[in-house]
$ cat entry-v8.txt   # compact mmCIF, C-alpha atoms and all ligand atoms
# COMPACT_ATOMS: atom_id res chain seq x y z
CA MET A 1 6.00 180.42 -100.64
CA ILE A 2 6.51 183.96 -99.32
CA THR A 3 5.90 186.79 -101.76
CA LEU A 4 6.50 190.47 -101.15
CA LYS A 5 4.63 192.92 -103.34
CA ASP A 6 5.41 196.65 -103.38
CA LEU A 7 6.61 196.42 -99.80
CA GLU A 8 7.41 199.66 -98.00
CA VAL A 9 8.21 200.16 -94.34
CA TYR A 10 8.00 203.38 -92.36
CA TYR A 11 9.26 204.22 -88.89
CA GLY A 12 6.96 207.14 -88.05
CA ASP A 13 7.30 209.50 -91.04
CA PHE A 14 10.61 208.04 -92.10
CA ARG A 15 10.38 205.70 -95.07
CA ALA A 16 13.09 203.14 -94.34
CA VAL A 17 12.65 200.92 -97.36
CA THR A 18 10.54 200.89 -100.52
CA ASP A 19 9.89 199.02 -103.79
CA VAL A 20 10.58 195.55 -102.48
CA ASP A 21 9.23 192.78 -104.69
CA MET A 22 10.62 189.35 -103.96
CA SER A 23 9.53 185.79 -103.60
CA PHE A 24 11.20 183.13 -101.54
CA GLY A 25 11.20 179.53 -102.69
CA SER A 26 10.69 176.49 -100.53
CA ARG A 27 13.79 174.88 -99.01
CA GLU A 28 16.10 177.46 -100.41
CA ILE A 29 18.53 179.76 -98.67
CA THR A 30 18.11 183.38 -99.68
CA ALA A 31 20.63 185.97 -98.55
CA LEU A 32 19.81 189.66 -98.14
CA ILE A 33 22.94 191.78 -98.53
CA GLY A 34 23.78 195.46 -98.83
CA PRO A 35 25.39 198.35 -96.98
CA SER A 36 24.43 199.32 -93.44
CA GLY A 37 21.04 201.01 -93.13
CA CYS A 38 19.61 199.85 -96.46
CA GLY A 39 16.71 198.07 -94.78
CA LYS A 40 17.71 194.40 -94.80
CA SER A 41 16.71 193.75 -91.19
CA THR A 42 13.58 195.84 -91.63
CA VAL A 43 12.49 193.67 -94.56
CA LEU A 44 13.39 190.48 -92.69
CA ARG A 45 11.28 191.54 -89.69
CA CYS A 46 8.28 192.09 -91.97
CA LEU A 47 8.26 188.43 -92.89
CA ASN A 48 6.95 187.27 -89.52
CA ARG A 49 5.49 190.54 -88.27
CA MET A 50 8.34 191.27 -85.88
CA ASN A 51 7.99 194.94 -86.87
CA ASP A 52 4.67 194.89 -84.99
CA LEU A 53 6.83 195.07 -81.86
CA VAL A 54 8.65 198.23 -83.01
CA PRO A 55 6.77 201.39 -81.97
CA GLY A 56 5.87 203.53 -84.99
CA ALA A 57 6.70 200.87 -87.57
CA ARG A 58 4.20 200.62 -90.41
CA VAL A 59 4.18 198.16 -93.26
CA VAL A 60 2.63 199.03 -96.63
CA GLY A 61 2.16 196.55 -99.48
CA ALA A 62 1.66 192.85 -99.18
CA VAL A 63 3.45 189.96 -97.53
CA ALA A 64 1.78 186.79 -98.70
CA TYR A 65 2.57 183.45 -97.11
CA HIS A 66 1.09 180.57 -99.09
CA GLY A 67 -1.15 183.16 -100.70
CA THR A 68 -2.47 184.63 -97.42
CA ASP A 69 -1.63 188.20 -96.45
CA ILE A 70 -0.01 187.84 -93.02
CA TYR A 71 -1.05 191.43 -92.19
CA ALA A 72 -4.76 190.69 -92.68
CA PRO A 73 -6.73 191.45 -89.50
CA GLU A 74 -7.93 187.88 -88.95
CA VAL A 75 -4.42 186.43 -89.02
CA ASP A 76 -3.11 184.92 -85.77
CA VAL A 77 0.32 186.52 -85.22
CA ILE A 78 1.47 183.78 -82.83
CA GLU A 79 0.76 181.20 -85.50
CA VAL A 80 2.66 183.28 -88.09
CA ARG A 81 5.69 183.35 -85.79
CA ARG A 82 5.39 179.62 -85.09
CA ARG A 83 5.48 178.89 -88.83
CA ILE A 84 8.10 181.54 -89.56
CA GLY A 85 10.70 181.46 -86.79
CA MET A 86 13.56 183.84 -86.17
CA VAL A 87 17.17 183.76 -84.98
CA PHE A 88 18.82 187.03 -84.00
CA GLN A 89 22.24 188.57 -84.32
CA LYS A 90 23.27 188.08 -80.70
CA PRO A 91 22.51 184.69 -79.23
CA ASN A 92 19.60 185.38 -76.88
CA PRO A 93 18.77 182.27 -74.89
CA PHE A 94 16.32 182.75 -72.04
CA PRO A 95 17.70 182.58 -68.47
CA LYS A 96 16.43 179.05 -68.20
CA SER A 97 17.78 175.55 -68.59
CA ILE A 98 18.85 174.25 -72.00
CA TYR A 99 15.81 171.96 -71.96
CA ASP A 100 13.37 174.73 -71.07
CA ASN A 101 14.76 177.00 -73.78
CA VAL A 102 13.93 174.43 -76.44
CA ALA A 103 10.60 173.44 -74.87
CA TYR A 104 9.57 177.10 -74.58
CA GLY A 105 8.05 177.51 -78.05
CA PRO A 106 6.04 174.29 -78.04
CA ARG A 107 4.74 175.17 -74.55
CA VAL A 108 3.70 178.77 -75.22
CA THR A 109 2.12 177.99 -78.56
CA GLY A 110 0.20 175.11 -77.00
CA MET A 111 1.65 172.61 -79.46
CA LYS A 112 0.25 169.14 -78.89
CA VAL A 113 3.19 166.79 -78.40
CA ASP A 114 3.36 163.16 -77.30
CA SER A 115 6.67 163.58 -75.57
CA MET A 116 8.36 166.91 -74.87
CA ASP A 117 11.63 165.01 -74.25
CA GLU A 118 11.51 163.78 -77.83
CA VAL A 119 10.71 167.22 -79.23
CA VAL A 120 13.66 168.70 -77.32
CA GLU A 121 16.03 165.93 -78.39
CA ARG A 122 14.99 166.18 -82.04
CA ALA A 123 15.41 169.96 -82.10
CA LEU A 124 18.84 169.75 -80.44
CA HIS A 125 19.89 167.09 -82.96
CA GLY A 126 18.57 169.30 -85.74
CA ALA A 127 20.71 172.17 -84.48
CA ALA A 128 23.81 169.94 -84.23
CA LEU A 129 23.98 170.51 -80.48
CA TRP A 130 22.66 167.30 -78.93
CA ASP A 131 25.99 165.55 -78.39
CA GLU A 132 27.43 168.58 -76.65
CA VAL A 133 24.54 169.11 -74.22
CA LYS A 134 22.77 165.78 -73.75
CA ASP A 135 24.27 165.31 -70.28
CA LYS A 136 23.46 168.81 -69.05
CA LEU A 137 19.98 169.58 -70.25
CA LYS A 138 18.98 170.96 -66.84
CA GLN A 139 21.89 173.40 -66.73
CA ASN A 140 21.42 177.08 -67.42
CA ALA A 141 21.81 178.03 -71.09
CA PHE A 142 24.12 180.90 -70.13
CA GLY A 143 26.81 178.31 -69.33
CA LEU A 144 27.16 177.52 -73.05
CA SER A 145 29.67 179.18 -75.39
CA GLY A 146 28.44 181.85 -77.82
CA GLY A 147 28.35 179.44 -80.75
CA GLN A 148 26.52 176.83 -78.67
CA GLN A 149 24.06 179.48 -77.49
CA GLN A 150 23.35 180.41 -81.11
CA ARG A 151 22.77 176.76 -82.02
CA LEU A 152 20.48 176.55 -78.98
CA CYS A 153 18.52 179.51 -80.37
CA ILE A 154 18.28 177.63 -83.67
CA ALA A 155 17.04 174.55 -81.76
CA ARG A 156 14.49 176.77 -80.01
CA ALA A 157 13.35 178.11 -83.40
CA ILE A 158 12.97 174.67 -84.99
CA ALA A 159 11.26 173.07 -81.97
CA THR A 160 7.91 174.52 -83.03
CA SER A 161 8.26 172.86 -86.47
CA PRO A 162 8.35 176.05 -88.50
CA GLU A 163 8.51 176.06 -92.26
CA VAL A 164 10.71 179.13 -92.54
CA ILE A 165 13.62 180.36 -90.42
CA LEU A 166 14.66 184.00 -90.59
CA MET A 167 18.23 184.72 -89.51
CA ASP A 168 19.44 188.24 -88.85
CA GLU A 169 23.23 188.18 -89.06
CA PRO A 170 23.35 184.98 -87.02
CA CYS A 171 27.14 184.72 -87.06
CA SER A 172 28.23 188.29 -86.51
CA ALA A 173 28.88 187.75 -82.80
CA LEU A 174 30.73 184.47 -83.34
CA ASP A 175 34.32 183.43 -84.00
CA PRO A 176 35.28 181.82 -87.34
CA ILE A 177 34.97 178.24 -86.06
CA ALA A 178 31.53 178.78 -84.57
CA THR A 179 30.57 180.63 -87.76
CA ALA A 180 31.64 177.71 -89.93
CA LYS A 181 29.53 175.38 -87.79
CA ILE A 182 26.45 177.56 -88.19
CA GLU A 183 27.03 177.80 -91.95
CA ASP A 184 27.23 174.01 -92.23
CA LEU A 185 24.12 173.79 -90.11
CA MET A 186 22.25 176.22 -92.38
CA VAL A 187 23.00 174.08 -95.40
CA GLU A 188 21.76 171.01 -93.52
CA LEU A 189 18.64 172.79 -92.28
CA ALA A 190 17.79 173.91 -95.82
CA GLU A 191 16.91 170.29 -96.60
CA ARG A 192 13.90 170.78 -94.35
CA PHE A 193 13.38 174.52 -93.95
CA THR A 194 13.29 177.67 -96.02
CA ILE A 195 15.97 180.02 -94.76
CA ILE A 196 16.26 183.75 -95.26
CA ILE A 197 19.41 185.31 -93.89
CA VAL A 198 20.63 188.87 -93.53
CA THR A 199 24.39 188.96 -93.67
CA HIS A 200 27.20 191.48 -93.97
CA ASN A 201 29.53 188.71 -94.91
CA MET A 202 29.51 188.35 -98.69
CA GLN A 203 31.57 185.18 -98.64
CA GLN A 204 28.93 183.72 -96.36
CA ALA A 205 26.14 184.72 -98.74
CA ALA A 206 28.08 183.22 -101.64
CA ARG A 207 28.83 180.01 -99.71
CA VAL A 208 25.42 179.17 -98.35
CA SER A 209 22.67 180.79 -100.42
CA GLN A 210 20.99 179.89 -103.67
CA ARG A 211 19.48 183.32 -104.20
CA THR A 212 20.61 186.77 -103.16
CA GLY A 213 18.85 190.11 -102.88
CA PHE A 214 21.06 193.20 -102.97
CA PHE A 215 19.71 196.34 -101.28
CA THR A 216 21.07 199.84 -101.19
CA ALA A 217 19.96 203.17 -99.76
CA GLU A 218 19.72 206.28 -101.88
CA ALA A 219 19.00 209.82 -100.78
CA ASP A 220 16.08 211.72 -102.34
CA GLU A 221 15.95 215.50 -103.01
CA GLN A 222 15.22 216.14 -99.34
CA GLY A 223 18.21 214.07 -98.33
CA GLN A 224 16.09 211.23 -96.92
CA ARG A 225 17.81 207.92 -97.39
CA THR A 226 15.44 205.15 -98.35
CA GLY A 227 16.48 201.55 -98.85
CA LYS A 228 15.60 199.77 -102.09
CA LEU A 229 15.96 196.32 -103.53
CA VAL A 230 18.37 196.77 -106.44
CA GLU A 231 18.71 193.25 -107.72
CA PHE A 232 17.38 189.84 -106.80
CA ALA A 233 18.67 186.79 -108.61
CA THR A 234 20.53 183.54 -108.18
CA THR A 235 23.59 183.90 -105.98
CA GLU A 236 25.70 182.75 -108.91
CA HIS A 237 24.36 185.61 -111.02
CA ILE A 238 24.74 188.25 -108.30
CA PHE A 239 28.33 187.29 -107.53
CA GLY A 240 29.38 186.24 -111.02
CA ASN A 241 27.68 188.55 -113.44
CA PRO A 242 25.44 191.12 -111.73
CA SER A 243 23.09 193.11 -113.96
CA ASP A 244 23.26 196.37 -112.01
CA ALA A 245 26.41 198.46 -111.71
CA ARG A 246 25.58 199.19 -108.04
CA THR A 247 25.55 195.47 -107.24
CA GLU A 248 28.86 195.02 -108.97
CA ALA A 249 30.42 197.94 -107.11
CA TYR A 250 29.26 196.50 -103.81
CA ILE A 251 30.32 192.93 -104.32
CA THR A 252 33.71 193.95 -105.63
CA GLY A 253 34.19 196.11 -102.55
CA ARG A 254 34.14 199.45 -104.33
CA PHE A 255 31.31 200.79 -102.20
CA GLY A 256 29.48 200.02 -98.95
N1 LIG B 1 13.25 200.93 -84.66
C1 LIG B 1 13.58 201.86 -85.55
N2 LIG B 1 13.15 203.13 -85.43
C2 LIG B 1 13.48 204.07 -86.33
N3 LIG B 1 14.27 203.85 -87.39
C3 LIG B 1 14.73 202.60 -87.59
C4 LIG B 1 14.42 201.55 -86.68
N4 LIG B 1 15.05 200.42 -87.12
C5 LIG B 1 15.70 200.76 -88.24
N5 LIG B 1 15.51 202.08 -88.52
C6 LIG B 1 16.07 202.81 -89.67
O1 LIG B 1 15.64 202.17 -90.86
C7 LIG B 1 16.69 202.10 -91.82
C8 LIG B 1 16.95 200.65 -92.18
O2 LIG B 1 17.47 199.99 -91.03
P1 LIG B 1 17.78 198.43 -91.00
O3 LIG B 1 18.26 198.10 -89.63
O4 LIG B 1 16.65 197.69 -91.55
O5 LIG B 1 18.98 198.37 -92.05
P2 LIG B 1 20.03 197.22 -92.29
O6 LIG B 1 20.28 197.21 -93.75
O7 LIG B 1 19.59 195.95 -91.68
O8 LIG B 1 21.29 197.80 -91.55
P3 LIG B 1 22.50 197.06 -90.79
O9 LIG B 1 23.18 196.27 -91.87
O10 LIG B 1 23.34 198.20 -90.29
O11 LIG B 1 21.91 196.22 -89.72
C9 LIG B 1 17.88 202.80 -91.18
O12 LIG B 1 17.91 204.13 -91.63
C10 LIG B 1 17.58 202.74 -89.71
O13 LIG B 1 18.15 203.83 -89.03

$ encode --input "entry-v8.txt" --output "structure tokens"
Amino acid sequence: MITLKDLEVYYGDFRAVTDVDMSFGSREITALIGPSGCGKSTVLRCLNRMNDLVPGARVVGAVAYHGTDIYAPEVDVIEVRRRIGMVFQKPNPFPKSIYDNVAYGPRVTGMKVDSMDEVVERALHGAALWDEVKDKLKQNAFGLSGGQQQRLCIARAIATSPEVILMDEPCSALDPIATAKIEDLMVELAERFTIIIVTHNMQQAARVSQRTGFFTAEADEQGQRTGKLVEFATTEHIFGNPSDARTEAYITGRFG
């Protein structure tokens, strides 16, 4: 459904990542793993044009979504981000009520809805948060715990009925119990959405994903470190019998 062809990303003159060829299947969880600085978040941000917001960032190659290049000039970026939503590392609810956080996306994208109350309730159910917040929808989102805030951000992302959800280390700011809840939620969400997650947590990648891409960064003759996709395969293959020695070294903890 999303296909990357010869993807390269530059920040100014610095080539952060190169040689990325991948395709993401519908209703699958794909994990992007690898040592710090190898370009996982950079690649993730390409998938819904979040890198447009980074000064100096330049994307080379193609990102096709249902066969359409999302970087083509006629493409509506707002629509891309409605169809391909994103959840960030640190929960980042808006300083608004729980209700208004979830209603935000449908409102700004001008989504036609019969009942906003229903949209909000459905999204909060979808993010496994409804029971905890149904009596305080008008309260400020900052009153929620970190794990609840992250599930609220997931509710906000799914309220616009996306097809794909990108998650950039969604559990790294959370305790183990909140993390386990989000992992269960990811598995549930994958029945309806395609999920692509960047994670440092290899157990998490192994637990939740069907496919895994392993990236690493290697220095060239000038000492410039550029990230590369080393291996992309089923999670079972990557963690059980990787083809590349660098993947094996990483997953067995010998490097990175
Ligand atoms: N906004 C930016 N401006 C300049 N360089 C950047 C920017 N964002 C990332 N980089 C550089 O691009 C490279 C890849 O960074 P990226 O954050 O994508 O890696 P990552 O694998 O997600 O790392 P981490 O696991 O530490 O989050 C790094 O060398 C980083 O310093």

$ residues_around --input "entry-v8.txt" --residues "Asp244 of chain A" --least-positions-apart "5" --cutoff "12 Å" --atoms "only C-alpha atoms" --output "PyMOL selection string"
chain A and resi 213-216+229-233+237-239+249-251

$ axis_aligned_box --input "entry-v8.txt" --around "segment 183-196 of chain A" --padding-each-side "6 Å" --output "JSON"
{"center_x": 20.3, "center_y": 177.0, "center_z": -93.4, "size_x": 25.9, "size_y": 25.5, "size_z": 18.5}

$ residues_around --input "entry-v8.txt" --residues "Gln89 of chain A" --least-positions-apart "5" --cutoff "7 Å" --atoms "only C-alpha atoms" --output "PyMOL selection string"
chain A and resi 168-173

$ residues_near_ligand --input "entry-v8.txt" --ligand "ligand LIG 1 (chain B)" --cutoff "7 Å" --atoms "all atoms listed in the file" --output "VMD selection string"
chain A and resid 11 16 to 17 34 to 43 54 200 225 227

$ closest_residue --input "entry-v8.txt" --among "A:Ala31, A:Cys46, A:Leu152, A:Ile177" --to "Pro93 of chain A" --atoms "all atoms listed in the file"
A:Leu152

$ atom_distance --input "entry-v8.txt" --atom1 "atom CA of Thr109 of chain A" --atom2 "atom CA of Val63 of chain A"
22.5 Å

$ decode --input "entry-v8.txt" --residues "segment 25-36 of chain A" --atoms "all heavy atoms" --output "compact mmCIF listing (two decimals), in the first residue's frame"
# COMPACT_ATOMS: atom_id res chain seq x y z
N GLY A 25 2.56 -3.54 3.90
CA GLY A 25 1.31 -4.20 3.55
C GLY A 25 0.15 -3.70 4.40
O GLY A 25 0.34 -3.18 5.50
N SER A 26 -1.03 -3.88 3.87
CA SER A 26 -2.24 -3.42 4.55
C SER A 26 -2.48 -4.20 5.83
O SER A 26 -2.32 -5.43 5.87
CB SER A 26 -3.39 -3.62 3.56
OG SER A 26 -4.56 -3.15 4.13
N ARG A 27 -2.90 -3.51 6.87
CA ARG A 27 -3.25 -4.11 8.16
C ARG A 27 -2.15 -5.04 8.71
O ARG A 27 -2.42 -6.13 9.18
CB ARG A 27 -4.57 -4.86 8.06
CG ARG A 27 -5.67 -3.85 7.86
CD ARG A 27 -6.99 -4.46 7.71
NE ARG A 27 -7.91 -3.44 7.23
CZ ARG A 27 -9.16 -3.65 6.89
NH1 ARG A 27 -9.68 -4.83 7.00
NH2 ARG A 27 -9.91 -2.67 6.47
N GLU A 28 -0.96 -4.51 8.59
CA GLU A 28 0.19 -5.21 9.15
C GLU A 28 0.88 -4.24 10.08
O GLU A 28 0.79 -3.03 9.87
CB GLU A 28 1.18 -5.50 8.01
CG GLU A 28 1.23 -6.94 7.61
CD GLU A 28 2.29 -7.18 6.54
OE1 GLU A 28 3.08 -6.27 6.20
OE2 GLU A 28 2.28 -8.28 6.05
N ILE A 29 1.62 -4.77 11.04
CA ILE A 29 2.49 -3.89 11.83
C ILE A 29 3.91 -4.13 11.34
O ILE A 29 4.39 -5.27 11.32
CB ILE A 29 2.39 -4.19 13.34
CG1 ILE A 29 0.94 -4.05 13.82
CG2 ILE A 29 3.32 -3.26 14.12
CD1 ILE A 29 0.74 -4.29 15.32
N THR A 30 4.55 -3.04 10.94
CA THR A 30 5.96 -3.11 10.54
C THR A 30 6.77 -2.33 11.55
O THR A 30 6.41 -1.20 11.89
CB THR A 30 6.16 -2.49 9.14
OG1 THR A 30 5.33 -3.17 8.21
CG2 THR A 30 7.62 -2.60 8.70
N ALA A 31 7.85 -2.92 12.02
CA ALA A 31 8.73 -2.23 12.97
C ALA A 31 10.00 -1.79 12.25
O ALA A 31 10.54 -2.55 11.44
CB ALA A 31 9.08 -3.16 14.12
N LEU A 32 10.44 -0.57 12.53
CA LEU A 32 11.73 -0.09 12.03
C LEU A 32 12.67 -0.04 13.23
O LEU A 32 12.38 0.65 14.22
CB LEU A 32 11.59 1.31 11.40
CG LEU A 32 10.48 1.50 10.36
CD1 LEU A 32 10.52 2.92 9.78
CD2 LEU A 32 10.59 0.47 9.23
N ILE A 33 13.76 -0.82 13.15
CA ILE A 33 14.69 -0.88 14.28
C ILE A 33 16.10 -0.55 13.80
O ILE A 33 16.38 -0.55 12.59
CB ILE A 33 14.67 -2.27 14.98
CG1 ILE A 33 15.15 -3.37 14.03
CG2 ILE A 33 13.29 -2.60 15.51
CD1 ILE A 33 15.44 -4.70 14.74
N GLY A 34 16.97 -0.29 14.76
CA GLY A 34 18.38 -0.03 14.42
C GLY A 34 18.96 0.96 15.41
O GLY A 34 18.23 1.62 16.16
N PRO A 35 20.30 1.08 15.41
CA PRO A 35 20.94 1.96 16.38
C PRO A 35 20.59 3.43 16.19
O PRO A 35 20.12 3.83 15.12
CB PRO A 35 22.43 1.72 16.15
CG PRO A 35 22.53 1.12 14.80
CD PRO A 35 21.26 0.41 14.54
N SER A 36 20.84 4.20 17.22
CA SER A 36 20.52 5.63 17.20
C SER A 36 21.18 6.33 16.00
O SER A 36 22.34 6.07 15.70
CB SER A 36 21.05 6.22 18.51
OG SER A 36 20.59 7.51 18.63
